[in-house]
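Chemist: Got a file for you: final.cif, mmCIF, C-alpha atoms, pLDDT in the B column; chains and numbers go by the auth columns.
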data_final
loop_
_atom_site.group_PDB
_atom_site.id
_atom_site.type_symbol
_atom_site.label_atom_id
_atom_site.label_comp_id
_atom_site.label_asym_id
_atom_site.label_seq_id
_atom_site.Cartn_x
_atom_site.Cartn_y
_atom_site.Cartn_z
_atom_site.B_iso_or_equiv
_atom_site.auth_seq_id
_atom_site.auth_asym_id
ATOM 1 C CA MET A 1 17.852 -35.611 -18.361 52.00 2 A
ATOM 2 C CA ASN A 2 19.638 -32.941 -16.282 60.00 3 A
ATOM 3 C CA ILE A 3 18.465 -30.268 -18.716 62.00 4 A
ATOM 4 C CA ARG A 4 14.838 -31.343 -18.232 57.00 5 A
ATOM 5 C CA LEU A 5 15.227 -31.187 -14.468 48.00 6 A
ATOM 6 C CA LEU A 6 16.849 -27.770 -14.698 46.00 7 A
ATOM 7 C CA LEU A 7 14.075 -26.459 -16.963 43.00 8 A
ATOM 8 C CA ALA A 8 11.396 -27.857 -14.665 46.00 9 A
ATOM 9 C CA ALA A 9 13.033 -26.205 -11.655 44.00 10 A
ATOM 10 C CA ALA A 10 13.326 -22.886 -13.514 43.00 11 A
ATOM 11 C CA GLY A 11 9.647 -23.100 -14.475 46.00 12 A
ATOM 12 C CA ALA A 12 8.616 -23.820 -10.895 40.00 13 A
ATOM 13 C CA ILE A 13 10.642 -20.844 -9.639 43.00 14 A
ATOM 14 C CA ALA A 14 9.053 -18.564 -12.241 39.00 15 A
ATOM 15 C CA MET A 15 5.558 -19.718 -11.260 41.00 16 A
ATOM 16 C CA LEU A 16 6.326 -19.172 -7.575 36.00 17 A
ATOM 17 C CA ALA A 17 7.649 -15.668 -8.278 37.00 18 A
ATOM 18 C CA ALA A 18 4.490 -14.823 -10.249 36.00 19 A
ATOM 19 C CA ALA A 19 2.302 -16.128 -7.420 34.00 20 A
ATOM 20 C CA VAL A 20 4.173 -14.028 -4.853 35.00 21 A
ATOM 21 C CA ALA A 21 3.870 -10.922 -7.057 37.00 22 A
ATOM 22 C CA SER A 22 0.161 -11.577 -7.519 36.00 23 A
ATOM 23 C CA ALA A 23 -0.373 -12.021 -3.776 36.00 24 A
ATOM 24 C CA ASP A 24 1.590 -8.821 -3.189 48.00 25 A
ATOM 25 C CA ASN A 25 -0.681 -6.888 -5.568 58.00 26 A
ATOM 26 C CA ASN A 26 -3.810 -8.320 -3.924 83.00 27 A
ATOM 27 C CA LYS A 27 -2.798 -6.787 -0.590 93.00 28 A
ATOM 28 C CA ILE A 28 -3.597 -3.275 -1.793 95.00 29 A
ATOM 29 C CA GLN A 29 -7.216 -2.357 -2.434 96.00 30 A
ATOM 30 C CA LEU A 30 -8.310 0.903 -4.068 96.00 31 A
ATOM 31 C CA LEU A 31 -11.682 2.025 -2.700 95.00 32 A
ATOM 32 C CA SER A 32 -14.047 4.821 -3.651 92.00 33 A
ATOM 33 C CA GLY A 33 -13.240 8.335 -2.515 93.00 34 A
ATOM 34 C CA GLY A 34 -9.511 7.989 -3.127 95.00 35 A
ATOM 35 C CA VAL A 35 -9.021 5.528 -0.269 97.00 36 A
ATOM 36 C CA VAL A 36 -6.226 2.951 -0.381 97.00 37 A
ATOM 37 C CA CYS A 37 -6.449 -0.012 2.007 98.00 38 A
ATOM 38 C CA ASP A 38 -3.475 -2.233 2.761 98.00 39 A
ATOM 39 C CA LYS A 39 -4.642 -5.708 3.715 97.00 40 A
ATOM 40 C CA GLY A 40 -1.097 -6.687 4.691 96.00 41 A
ATOM 41 C CA ASP A 41 -0.825 -4.002 7.379 96.00 42 A
ATOM 42 C CA GLN A 42 -4.585 -3.566 7.952 97.00 43 A
ATOM 43 C CA VAL A 43 -4.544 0.202 7.460 97.00 44 A
ATOM 44 C CA CYS A 44 -6.533 2.469 5.156 98.00 45 A
ATOM 45 C CA TYR A 45 -5.212 5.799 3.871 97.00 46 A
ATOM 46 C CA ASP A 46 -6.648 8.803 2.105 96.00 47 A
ATOM 47 C CA GLN A 47 -4.869 11.904 0.836 94.00 48 A
ATOM 48 C CA ARG A 48 -4.524 13.196 4.409 94.00 49 A
ATOM 49 C CA GLY A 49 -2.839 9.992 5.592 94.00 50 A
ATOM 50 C CA ALA A 50 -3.933 7.100 7.788 96.00 51 A
ATOM 51 C CA ASN A 51 -7.717 7.072 8.084 96.00 52 A
ATOM 52 C CA VAL A 52 -8.920 5.555 11.354 97.00 53 A
ATOM 53 C CA GLU A 53 -12.610 5.396 10.413 97.00 54 A
ATOM 54 C CA ARG A 54 -12.039 3.705 7.034 97.00 55 A
ATOM 55 C CA THR A 55 -9.612 1.315 8.766 98.00 56 A
ATOM 56 C CA ARG A 56 -12.353 0.473 11.288 98.00 57 A
ATOM 57 C CA GLN A 57 -14.876 -0.122 8.500 97.00 58 A
ATOM 58 C CA MET A 58 -12.510 -2.345 6.529 97.00 59 A
ATOM 59 C CA PHE A 59 -10.566 -4.223 9.236 98.00 60 A
ATOM 60 C CA GLY A 60 -12.427 -3.719 12.533 98.00 61 A
ATOM 61 C CA GLN A 61 -11.983 -2.002 15.871 98.00 62 A
ATOM 62 C CA TYR A 62 -8.684 -3.663 16.821 98.00 63 A
ATOM 63 C CA ALA A 63 -7.001 -2.445 13.618 98.00 64 A
ATOM 64 C CA ALA A 64 -8.440 1.060 14.082 98.00 65 A
ATOM 65 C CA GLU A 65 -7.083 1.228 17.639 97.00 66 A
ATOM 66 C CA ALA A 66 -3.658 0.126 16.401 96.00 67 A
ATOM 67 C CA VAL A 67 -3.698 2.967 13.841 96.00 68 A
ATOM 68 C CA GLN A 68 -4.743 5.482 16.511 95.00 69 A
ATOM 69 C CA LYS A 69 -1.898 4.306 18.732 94.00 70 A
ATOM 70 C CA LYS A 70 0.637 4.695 15.911 93.00 71 A
ATOM 71 C CA LEU A 71 -0.706 8.162 15.073 93.00 72 A
ATOM 72 C CA ARG A 72 -0.242 9.308 18.681 92.00 73 A
ATOM 73 C CA LYS A 73 3.491 8.805 18.358 88.00 74 A
ATOM 74 C CA ASN A 74 5.126 12.046 17.305 69.00 75 A
ATOM 75 C CA ASP A 75 6.769 10.751 14.161 83.00 76 A
ATOM 76 C CA GLU A 76 5.621 11.365 10.596 87.00 77 A
ATOM 77 C CA TRP A 77 4.013 7.959 9.981 88.00 78 A
ATOM 78 C CA GLY A 78 0.488 8.243 8.712 88.00 79 A
ATOM 79 C CA THR A 79 0.424 12.034 8.596 91.00 80 A
ATOM 80 C CA LYS A 80 3.314 12.900 6.279 94.00 81 A
ATOM 81 C CA LYS A 81 4.485 9.556 4.895 94.00 82 A
ATOM 82 C CA PHE A 82 3.734 5.853 4.903 95.00 83 A
ATOM 83 C CA THR A 83 4.921 2.662 3.254 94.00 84 A
ATOM 84 C CA LEU A 84 2.481 0.063 1.986 95.00 85 A
ATOM 85 C CA SER A 85 3.146 -3.638 2.465 94.00 86 A
ATOM 86 C CA ASN A 86 3.961 -3.947 -1.263 91.00 87 A
ATOM 87 C CA GLY A 87 6.929 -1.572 -0.838 92.00 88 A
ATOM 88 C CA VAL A 88 5.289 1.534 -2.314 94.00 89 A
ATOM 89 C CA LYS A 89 6.213 4.635 -0.276 94.00 90 A
ATOM 90 C CA CYS A 90 3.876 7.625 -0.239 95.00 91 A
ATOM 91 C CA SER A 91 4.652 11.223 0.644 95.00 92 A
ATOM 92 C CA ILE A 92 1.571 13.219 1.584 95.00 93 A
ATOM 93 C CA PRO A 93 3.143 16.713 1.282 94.00 94 A
ATOM 94 C CA ASN A 94 4.594 15.831 -2.147 95.00 95 A
ATOM 95 C CA ARG A 95 1.395 13.995 -3.180 95.00 96 A
ATOM 96 C CA VAL A 96 3.326 11.137 -4.756 94.00 97 A
ATOM 97 C CA CYS A 97 3.940 7.420 -4.217 94.00 98 A
ATOM 98 C CA LYS A 98 7.098 5.672 -5.403 92.00 99 A
ATOM 99 C CA HIS A 99 8.629 2.226 -5.278 87.00 100 A
ATOM 100 C CA ASP A 100 12.286 1.661 -4.382 77.00 101 A
ATOM 101 C CA GLN A 101 12.967 0.585 -7.967 70.00 102 A
ATOM 102 C CA GLY A 102 11.468 3.827 -9.337 60.00 103 A
ATOM 103 C CA GLU A 103 7.925 5.026 -9.645 57.00 104 A
ATOM 104 C CA GLY A 104 6.567 1.998 -11.499 72.00 105 A
ATOM 105 C CA ASP A 105 3.036 1.277 -12.677 85.00 106 A
ATOM 106 C CA ARG A 106 1.772 0.187 -9.240 87.00 107 A
ATOM 107 C CA ALA A 107 3.022 3.374 -7.599 91.00 108 A
ATOM 108 C CA LYS A 108 1.567 5.561 -10.382 92.00 109 A
ATOM 109 C CA LYS A 109 -1.813 3.867 -10.028 94.00 110 A
ATOM 110 C CA ILE A 110 -1.800 4.383 -6.244 95.00 111 A
ATOM 111 C CA THR A 111 -0.643 8.017 -6.630 95.00 112 A
ATOM 112 C CA ASN A 112 -3.431 8.768 -9.110 95.00 113 A
ATOM 113 C CA HIS A 113 -6.055 7.087 -6.934 95.00 114 A
ATOM 114 C CA LEU A 114 -4.935 8.566 -3.619 95.00 115 A
ATOM 115 C CA PHE A 115 -4.332 12.126 -4.788 94.00 116 A
ATOM 116 C CA GLN A 116 -6.991 12.404 -7.515 88.00 117 A
ATOM 117 C CA ALA A 117 -8.857 15.195 -5.735 75.00 118 A
ATOM 118 C CA PRO A 118 -7.356 18.629 -5.032 73.00 119 A
ATOM 119 C CA ALA A 119 -5.296 18.878 -1.846 66.00 120 A
ATOM 120 C CA PRO A 120 -7.467 19.496 1.209 63.00 121 A
ATOM 121 C CA THR A 121 -7.296 22.976 2.689 60.00 122 A
ATOM 122 C CA LYS A 122 -5.655 23.262 6.081 54.00 123 A
ATOM 123 C CA LYS A 123 -7.940 24.262 8.918 48.00 124 A
#
Let me see whether you can do it: turn the structure in this file into C-alpha cells.
Modeler:
Amino acid sequence: MNIRLLLAAAGAIAMLAAAVASADNNKIQLLSGGVVCDKGDQVCYDQRGANVERTRQMFGQYAAEAVQKKLRKNDEWGTKKFTLSNGVKCSIPNRVCKHDQGEGDRAKKITNHLFQAPAPTKK
C-alpha cells in the first residue's frame, strides 16, 4: 500500500513539473519579423533590444511606458542584454541567447528567431 501511495505521489509531482514547464514555454511568443514577446514580463524584443512599439501593440500602453522607463535608466537592460521570464539570457552584441544550464533547445530557437536577419547597421 505504501508503494502505491509513493508511486501516486511521484506521478503527481511529475505531472506538476510538466505543467510548470509547459506554462513556462507558453510565456514566450515568437512573432513575425524576428520579434520575441515575453508574456511573463510583458516586453517585446527584436535584435536591437526592447521594442517599445511592439510592446505597446502586444501588451498595451502601460507596458510600453514601463519599458520606456526601464530604458531611460543608464544600465544595459534592453539595449545590450536582457533575460526572459523563462530564464533565457540574451546578449545583443554577441547575438546569442543562452540558458543557465547551457544553450539548450529553447535558447537556440530564440537565438535563431531573434537574430535571423543580418545585424542592423549603426546610425
Chemist: Taking (3.7, -1.1, 1.8) in the file's own coordinates, collect the residues within 12 Å, counting only C-alpha atoms, and hand them back as a PyMOL selection string.
Modeler: chain A and resi 25-30+37-46+82-91+98-101+107-108+111
Chemist: Using all atoms listed in the file, give me every residue within 10 Å of (3.0, 11.5, 4.8) in file coordinates, as an MDAnalysis selection string.
Modeler: chainID A and resid 48:51 77:84 90:98
Chemist: State, in Å with one decimal place, the distance from CA of His114 in chain A to CA of Met59 in chain A.
Modeler: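 Computing it gives 17.7 Å between the two atoms.
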Chemist: CA of Gly34 in chain A and CA of Lys109 in chain A are how many Å apart?
Modeler: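 CA of Lys109 in chain A lies at a distance of 17.0 Å from CA of Gly34 in chain A.
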